[in-house]
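Raw model05.cif, mmCIF, C-alpha atoms:
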```cif
data_start
#
loop_
_atom_site.label_atom_id
_atom_site.label_comp_id
_atom_site.auth_asym_id
_atom_site.auth_seq_id
_atom_site.Cartn_x
_atom_site.Cartn_y
_atom_site.Cartn_z
CA MET A 12 14.87 125.64 12.56
CA VAL A 13 16.88 122.65 11.50
CA THR A 14 20.37 122.59 10.08
CA SER A 15 21.05 119.72 7.74
CA THR A 16 24.13 118.57 5.92
CA SER A 17 24.78 117.44 2.40
CA ALA A 18 27.69 116.80 0.11
CA VAL A 19 27.91 120.50 -0.72
CA GLY A 20 28.02 121.68 2.87
CA ARG A 21 25.38 122.83 5.31
CA LEU A 22 21.99 123.76 3.96
CA LEU A 23 20.27 126.43 5.99
CA PRO A 24 16.57 127.17 5.59
CA ALA A 25 15.87 130.34 3.64
CA VAL A 26 13.74 131.68 6.47
CA SER A 27 16.97 132.27 8.36
CA SER A 28 17.37 135.45 6.30
CA LEU A 29 14.71 136.99 8.52
CA LEU A 30 17.15 136.68 11.39
CA ARG A 31 19.98 138.50 9.67
CA PRO A 32 20.84 142.17 9.30
CA LEU A 33 19.15 144.29 6.68
CA PRO A 34 21.19 144.26 3.46
CA ALA A 35 21.59 148.04 3.58
CA ASP A 36 23.02 147.83 7.10
CA GLU A 37 25.34 145.03 6.10
CA LEU A 38 26.55 146.85 2.99
CA ARG A 39 27.19 150.01 4.99
CA GLU A 40 29.40 148.08 7.38
CA TYR A 41 31.45 146.68 4.50
CA GLY A 42 32.16 150.12 3.13
CA GLY A 43 28.97 151.37 1.50
CA ILE A 44 27.28 151.20 -1.85
CA GLY A 45 30.46 152.20 -3.69
CA LEU A 46 31.59 148.64 -3.22
CA VAL A 47 28.91 147.34 -5.60
CA ARG A 48 27.80 150.38 -7.60
CA GLY A 49 27.85 149.53 -11.33
CA LYS A 50 29.55 146.20 -10.60
CA ARG A 51 28.80 142.62 -11.56
CA VAL A 52 28.08 140.89 -8.27
CA ILE A 53 27.71 137.21 -7.39
CA ASP A 54 26.09 136.27 -4.09
CA VAL A 55 27.22 132.75 -3.22
CA GLY A 56 24.92 130.93 -0.82
CA CYS A 57 22.27 133.55 -1.51
CA GLY A 58 19.39 131.72 0.19
CA ASP A 59 16.14 133.51 -0.57
CA GLY A 60 18.00 136.45 -2.11
CA ARG A 61 18.16 138.74 0.91
CA MET A 62 21.59 140.23 0.18
CA ALA A 63 21.51 139.84 -3.62
CA LEU A 64 18.29 141.81 -3.92
CA GLY A 65 19.63 144.36 -1.48
CA VAL A 66 22.61 145.15 -3.70
CA ALA A 67 20.66 144.89 -6.98
CA THR A 68 19.59 148.51 -6.56
CA TYR A 69 23.19 149.63 -7.06
CA ALA A 70 24.91 146.86 -9.03
CA SER A 71 24.79 146.53 -12.79
CA GLU A 72 24.04 142.84 -12.54
CA VAL A 73 23.55 140.43 -9.65
CA VAL A 74 23.43 136.66 -9.72
CA GLY A 75 22.58 134.65 -6.64
CA VAL A 76 23.68 131.03 -6.39
CA ASP A 77 22.47 128.54 -3.80
CA PRO A 78 22.35 124.74 -3.64
CA ASP A 79 18.81 124.77 -2.21
CA PRO A 80 16.20 124.78 -5.04
CA SER A 81 13.42 125.88 -2.68
CA ALA A 82 15.46 128.93 -1.65
CA ILE A 83 16.06 129.78 -5.31
CA ARG A 84 12.33 129.50 -5.99
CA LEU A 85 11.70 131.98 -3.17
CA ALA A 86 14.33 134.35 -4.53
CA ARG A 87 12.86 134.19 -8.03
CA ALA A 88 9.41 134.90 -6.63
CA LYS A 89 10.82 137.98 -4.90
CA VAL A 90 12.39 139.13 -8.17
CA ARG A 91 9.00 138.95 -9.85
CA GLU A 92 7.25 140.60 -6.91
CA LEU A 93 9.72 143.48 -6.74
CA GLY A 94 10.07 143.84 -10.51
CA VAL A 95 13.86 143.66 -10.32
CA THR A 96 15.37 143.40 -13.79
CA ASN A 97 19.08 143.01 -13.10
CA ALA A 98 19.01 140.05 -10.71
CA GLN A 99 18.80 136.37 -11.44
CA PHE A 100 19.13 133.25 -9.32
CA LYS A 101 20.61 129.86 -10.07
CA VAL A 102 20.85 126.55 -8.28
CA GLY A 103 24.53 125.76 -7.86
CA VAL A 104 27.33 125.12 -5.42
CA ALA A 105 30.19 127.36 -4.35
CA GLN A 106 32.77 124.83 -5.51
CA GLU A 107 31.55 124.92 -9.13
CA LEU A 108 30.20 128.33 -9.98
CA PRO A 109 28.56 128.62 -13.41
CA PHE A 110 30.62 131.60 -14.57
CA ALA A 111 33.58 132.17 -16.87
CA ASP A 112 37.03 133.06 -15.53
CA GLU A 113 37.46 136.65 -14.36
CA HIS A 114 33.80 137.33 -15.08
CA VAL A 115 32.74 139.35 -12.03
CA ASP A 116 33.79 142.29 -9.86
CA VAL A 117 32.46 141.29 -6.45
CA VAL A 118 31.74 137.94 -4.81
CA ILE A 119 29.70 137.97 -1.63
CA LEU A 120 29.90 135.14 0.87
CA SER A 121 27.47 136.50 3.39
CA TRP A 122 27.05 133.92 6.17
CA SER A 123 28.01 131.25 3.65
CA LEU A 124 31.60 130.17 4.24
CA MET B 14 35.70 125.78 1.93
CA VAL B 15 39.10 126.26 0.36
CA ASP B 16 37.58 125.00 -2.90
CA ALA B 17 34.89 127.68 -2.67
CA LEU B 18 37.52 130.38 -2.19
CA LYS B 19 39.55 129.04 -5.10
CA GLU B 20 36.42 129.17 -7.25
CA ALA B 21 35.72 132.75 -6.14
CA HIS B 22 39.29 133.60 -7.14
CA ARG B 23 38.73 132.05 -10.57
CA ILE B 24 35.60 134.05 -11.41
CA LEU B 25 36.78 137.38 -10.00
CA GLY B 26 38.52 139.80 -12.30
CA PRO B 27 41.82 141.45 -11.36
CA HIS B 28 41.40 143.45 -8.15
CA GLY B 29 37.91 142.04 -7.72
CA VAL B 30 36.65 141.92 -4.17
CA LEU B 31 35.48 138.97 -2.12
CA ILE B 32 33.34 139.82 0.90
CA ASP B 33 33.41 137.17 3.59
CA ALA B 34 30.95 137.79 6.44
CA ARG B 35 29.79 135.41 9.15
CA PRO B 36 28.83 135.25 12.79
CA ASP B 37 31.73 136.10 15.07
CA SER B 38 32.03 133.30 17.57
CA ARG B 39 35.16 134.83 19.10
CA VAL B 40 32.83 136.91 21.25
CA VAL B 41 29.68 135.88 23.08
CA ALA B 42 26.17 136.96 22.17
CA TYR B 43 23.83 138.64 24.62
CA ALA B 44 20.21 138.10 25.62
CA GLU B 45 18.75 141.57 25.94
CA ARG B 46 15.43 142.77 27.25
CA LYS B 47 13.76 145.80 25.72
CA THR B 48 13.13 148.36 28.41
CA PRO B 49 10.06 150.63 28.58
CA THR B 50 12.18 153.49 27.21
CA GLY B 51 12.97 151.47 24.09
CA THR B 52 16.59 150.71 24.85
CA TYR B 53 17.95 147.23 25.38
CA GLY B 54 19.61 145.97 28.56
CA GLN B 55 21.84 142.93 28.85
CA ALA B 56 20.27 140.15 30.87
CA GLY B 57 22.27 137.10 29.86
CA VAL B 58 25.14 135.69 27.87
CA ILE B 59 24.78 133.14 25.08
CA ALA B 60 27.74 131.05 23.99
CA THR B 61 28.28 129.53 20.56
CA ALA B 62 27.67 125.80 20.22
CA ARG B 63 30.80 123.66 20.09
CA GLU B 64 30.10 122.32 16.61
CA GLU B 65 29.72 125.85 15.25
CA LEU B 66 32.99 126.91 16.87
CA ALA B 67 34.67 124.09 14.97
CA ASN B 68 32.98 125.16 11.72
CA ASP B 69 34.12 128.73 12.27
CA ARG B 70 37.71 127.61 12.84
CA THR B 71 37.56 125.64 9.60
CA SER B 72 36.35 128.76 7.79
CA ASP B 73 39.19 130.79 9.34
CA ASP B 74 41.68 128.18 8.18
CA ALA B 75 40.25 128.28 4.66
CA VAL B 76 40.64 132.06 4.45
CA ALA B 77 44.17 131.81 5.85
CA THR B 78 45.02 129.24 3.18
CA ALA B 79 43.61 131.48 0.44
CA VAL B 80 45.74 134.40 1.65
CA LYS B 81 48.82 132.21 2.10
CA ASN B 82 48.38 130.92 -1.47
CA ARG B 83 48.18 134.53 -2.60
CA TRP B 84 44.76 134.14 -4.19
CA PHE B 85 43.67 137.12 -2.13
CA ARG B 86 45.06 139.83 0.07
CA SER B 87 43.15 141.29 2.97
CA LYS B 88 41.93 144.83 2.32
CA ARG B 89 39.91 145.45 5.44
CA SER B 90 38.20 143.61 8.23
CA GLY B 91 35.92 144.44 11.09
CA ARG B 92 33.02 143.51 13.26
CA PHE B 93 29.52 144.83 13.72
CA TRP B 94 26.61 143.90 15.96
CA HIS B 95 23.00 143.29 15.18
CA ARG B 96 19.90 142.24 17.06
CA VAL B 97 17.58 139.37 16.30
CA LEU B 98 14.24 140.50 17.73
CA PHE B 99 11.66 138.41 19.57
CA GLU B 100 8.20 139.32 20.78
CA ASP B 101 8.82 137.78 24.23
CA ARG B 102 11.22 135.60 26.18
CA PRO B 103 9.57 132.26 25.32
CA ALA B 104 9.95 133.11 21.61
CA MET B 105 13.66 133.77 22.15
CA GLN B 106 13.99 130.51 24.06
CA ARG B 107 12.25 128.60 21.25
CA TYR B 108 14.72 130.10 18.80
CA LEU B 109 17.63 129.00 20.95
CA GLY B 110 16.12 125.53 21.24
CA ASP B 111 15.74 125.16 17.48
CA HIS B 112 18.86 126.94 16.26
CA ALA B 113 22.18 125.17 15.90
CA ARG B 114 24.51 128.15 16.27
CA PHE B 115 24.07 128.86 19.96
CA VAL B 116 23.96 126.72 23.06
CA HIS B 117 20.39 126.31 24.18
CA ARG B 118 20.81 127.71 27.70
CA VAL B 119 21.37 131.36 28.47
CA ARG B 120 23.84 132.21 31.23
CA TRP B 121 21.62 134.65 33.08
CA MET B 122 22.83 137.87 34.68
CA VAL B 123 19.47 138.46 36.40
CA ASP B 124 17.62 136.28 38.88
CA ILE B 125 14.70 134.05 38.05
CA ALA B 126 12.11 136.34 39.64
CA THR B 127 13.25 139.24 37.46
CA ARG B 128 13.19 137.04 34.38
CA ARG B 129 9.63 135.97 35.16
CA ARG B 130 8.62 139.58 35.58
CA TRP B 131 10.11 140.37 32.18
CA GLU B 132 8.71 137.26 30.51
CA GLY B 133 6.25 139.09 28.25
CA ASP B 134 8.55 141.97 27.30
CA ALA B 135 10.27 142.14 23.92
CA TRP B 136 13.68 140.48 23.83
CA ALA B 137 16.60 140.34 21.44
CA ILE B 138 19.74 138.36 20.86
CA ARG B 139 22.57 140.77 20.13
CA ARG B 140 25.31 139.05 18.23
CA ALA B 141 28.49 139.95 16.46
CA VAL B 142 29.19 139.60 12.76
CA ARG B 143 32.75 139.62 11.49
CA TYR B 144 33.67 140.52 7.96
CA GLU B 145 36.71 140.73 5.75
CA LEU B 146 37.15 142.29 2.34
CA LEU B 147 39.65 140.33 0.31
CA GLU B 148 41.09 141.64 -2.95
CA ARG B 149 41.88 139.19 -5.68
CA SER B 150 45.63 139.09 -6.26
#
```
Could you show the structure in this file as structure tokens?
Amino acid sequence: MVTSTSAVGRLLPAVSSLLRPLPADELREYGGIGLVRGKRVIDVGCGDGRMALGVATYASEVVGVDPDPSAIRLARAKVRELGVTNAQFKVGVAQELPFADEHVDVVILSWSL
Amino acid sequence: MVDALKEAHRILGPHGVLIDARPDSRVVAYAERKTPTGTYGQAGVIATAREELANDRTSDDAVATAVKNRWFRSKRSGRFWHRVLFEDRPAMQRYLGDHARFVHRVRWMVDIATRRRWEGDAWAIRRAVRYELLERS
């Protein structure tokens, strides 16, 4: 597994999500599903959508953002495979998020900062 | 990193929550062998690579700046542990060889003969994750 660098920071391969905690376990540690239930959630540095898709069950809307187009393609494929309707994924960087001011309720930086 | 936090502050509504979670390099990770009873026993210590320690300090500084600038206030923080599982010890060693976060050599707590005997057993790296919930000011 190789870590590379770019102008936007470190790019980590999406497969690294396999080495991370299950989203449900992670969410429980942070305080439980109440943290995201019915909320608009942005997952910054979402990779292949591990955490974003994990919270999509509870959130009203989830958007994952990652600078790696191949990771976003994987995340979108998962959305189609799982039939998730309230999650979308965009290529973008944490320094310039494609959202209006005061647009969301929760921002997740899970293994991203 | 500070720019990313400033951007998170911009898009969050009043009292919105930022969740910052990342590996906790303030504590070591452990190489653990799965025992026949299904529990895990510590067999070695794995330190964080120097470059990653520097990255983590930069992240800490960024969060401190965001709090100092009153973009956020800390609501809660903590640490939890999780295991990355491997089918055997060579698989774990390959992971350590390829992965940038940890140093590549385990500081073993068991002798080489024991390690050889356990070579084909399931192994895990147990590592800490730190998190902080920050409320938008």
Q | At most 8 Å to chain B: residues in chain A, all atoms listed in the file, as number ranges by chain | A | A: 12-14, 30-32, 40-41, 105-108, 110-124
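The two atoms in question, CA of Val116 in chain B and CA of Thr48 in chain B, are spaced 24.8 Å apart.
Atom pair CA of Arg39 in chain A / CA of Val66 in chain A has a distance of 11.0 Å (rounded to one decimal).
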message = Give me, as a PyMOL selection string, all polymer residues having an atom no more than 12 Å from Met105 in chain B, counting only C-alpha atoms and skipping those fewer than 6 positions away in the same chain.
response = (chain A and resi 30) or (chain B and resi 43-46+59+96-99+111-112+115+117-119+132-139)
Exercise. In Å, how far is it from CA of Ala62 in chain B to CA of Glu100 in chain B?
Worked result: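 Separating CA of Ala62 in chain B from CA of Glu100 in chain B is a distance of 23.7 Å.
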Note to self: Using the chain letters and numbers from this file, what does the PyMOL selection byres ((chain A and resi 58) around 7) select? Give the answer as a ChimeraX atom specification.
What the structure shows: /A:25,56-57,59-60,77,82-83
Hey, can you spit out that residue selection with C-alpha atoms as a compact mmCIF listing (two decimals), in the frame of the given file?
```txt
# COMPACT_ATOMS: atom_id res chain seq x y z
CA ALA A 25 15.87 130.34 3.64
CA GLY A 56 24.92 130.93 -0.82
CA CYS A 57 22.27 133.55 -1.51
CA ASP A 59 16.14 133.51 -0.57
CA GLY A 60 18.00 136.45 -2.11
CA ASP A 77 22.47 128.54 -3.80
CA ALA A 82 15.46 128.93 -1.65
CA ILE A 83 16.06 129.78 -5.31
```
Min atom-atom distance to Asp37 in chain B from the set B:Thr78, B:Asp101, B:Arg129, B:Glu65, counting all atoms listed in the file, belongs to B:Glu65
Self-check item: the PyMOL selection byres ((chain A and resi 84-94) around 12) resolved against shown file, as a VMD selection string
Solution: chain A and resid 24 to 26 28 54 56 to 65 67 to 68 73 to 83 95 to 102
If you count all atoms listed in the file, the residue of A:Ile44, A:Val55, A:Leu33, A:Ala70 closest to Val104 in chain A turns out to be A:Val55
Coords for range 112-134 of chain B, N, CA and C atoms, as a tab-separated table (two decimals), in the first residue's frame:
```tsv
chain	number	residue	atom	x	y	z
B	112	HIS	N	2.93	-0.29	4.57
B	112	HIS	CA	2.12	0.78	5.12
B	112	HIS	C	3.00	1.85	5.73
B	113	ALA	N	2.63	3.10	5.48
B	113	ALA	CA	3.49	4.21	5.91
B	113	ALA	C	3.32	4.59	7.38
B	114	ARG	N	2.18	4.22	7.98
B	114	ARG	CA	1.90	4.74	9.33
B	114	ARG	C	2.85	4.20	10.39
B	115	PHE	N	3.13	2.90	10.31
B	115	PHE	CA	3.93	2.28	11.37
B	115	PHE	C	5.37	2.04	10.92
B	116	VAL	N	6.25	1.91	11.91
B	116	VAL	CA	7.60	1.44	11.58
B	116	VAL	C	7.47	0.00	11.12
B	117	HIS	N	8.43	-0.46	10.35
B	117	HIS	CA	8.27	-1.76	9.72
B	117	HIS	C	8.65	-2.93	10.63
B	118	ARG	N	9.35	-2.63	11.72
B	118	ARG	CA	9.80	-3.71	12.61
B	118	ARG	C	9.00	-3.69	13.91
B	119	VAL	N	8.53	-4.86	14.27
B	119	VAL	CA	7.82	-5.02	15.54
B	119	VAL	C	8.85	-5.18	16.66
B	120	ARG	N	8.60	-4.54	17.80
B	120	ARG	CA	9.44	-4.79	18.98
B	120	ARG	C	8.80	-5.96	19.73
B	121	TRP	N	9.41	-7.14	19.57
B	121	TRP	CA	8.76	-8.36	20.03
B	121	TRP	C	8.85	-8.54	21.55
B	122	MET	N	7.79	-9.09	22.10
B	122	MET	CA	7.75	-9.42	23.53
B	122	MET	C	7.91	-10.92	23.73
B	123	VAL	N	7.97	-11.66	22.62
B	123	VAL	CA	8.15	-13.13	22.70
B	123	VAL	C	9.38	-13.51	21.87
B	124	ASP	N	9.97	-14.63	22.20
B	124	ASP	CA	11.22	-15.00	21.51
B	124	ASP	C	10.94	-15.52	20.10
B	125	ILE	N	12.01	-15.68	19.37
B	125	ILE	CA	11.88	-16.03	17.95
B	125	ILE	C	11.29	-17.44	17.75
B	126	ALA	N	11.63	-18.34	18.67
B	126	ALA	CA	11.10	-19.70	18.55
B	126	ALA	C	9.57	-19.69	18.71
B	127	THR	N	9.10	-18.92	19.66
B	127	THR	CA	7.65	-18.80	19.88
B	127	THR	C	6.98	-18.17	18.66
B	128	ARG	N	7.61	-17.16	18.13
B	128	ARG	CA	7.04	-16.49	16.95
B	128	ARG	C	6.95	-17.46	15.78
B	129	ARG	N	7.96	-18.28	15.62
B	129	ARG	CA	7.94	-19.27	14.52
B	129	ARG	C	6.82	-20.28	14.72
B	130	ARG	N	6.63	-20.65	15.98
B	130	ARG	CA	5.58	-21.61	16.29
B	130	ARG	C	4.20	-21.02	15.99
B	131	TRP	N	4.09	-19.72	16.16
B	131	TRP	CA	2.80	-19.04	15.95
B	131	TRP	C	2.65	-18.47	14.54
B	132	GLU	N	3.61	-18.74	13.70
B	132	GLU	CA	3.67	-18.13	12.36
B	132	GLU	C	2.34	-18.21	11.59
B	133	GLY	N	1.72	-19.40	11.61
B	133	GLY	CA	0.53	-19.61	10.81
B	133	GLY	C	-0.77	-19.25	11.50
B	134	ASP	N	-0.69	-18.81	12.75
B	134	ASP	CA	-1.91	-18.40	13.47
B	134	ASP	C	-2.42	-17.06	12.95
```
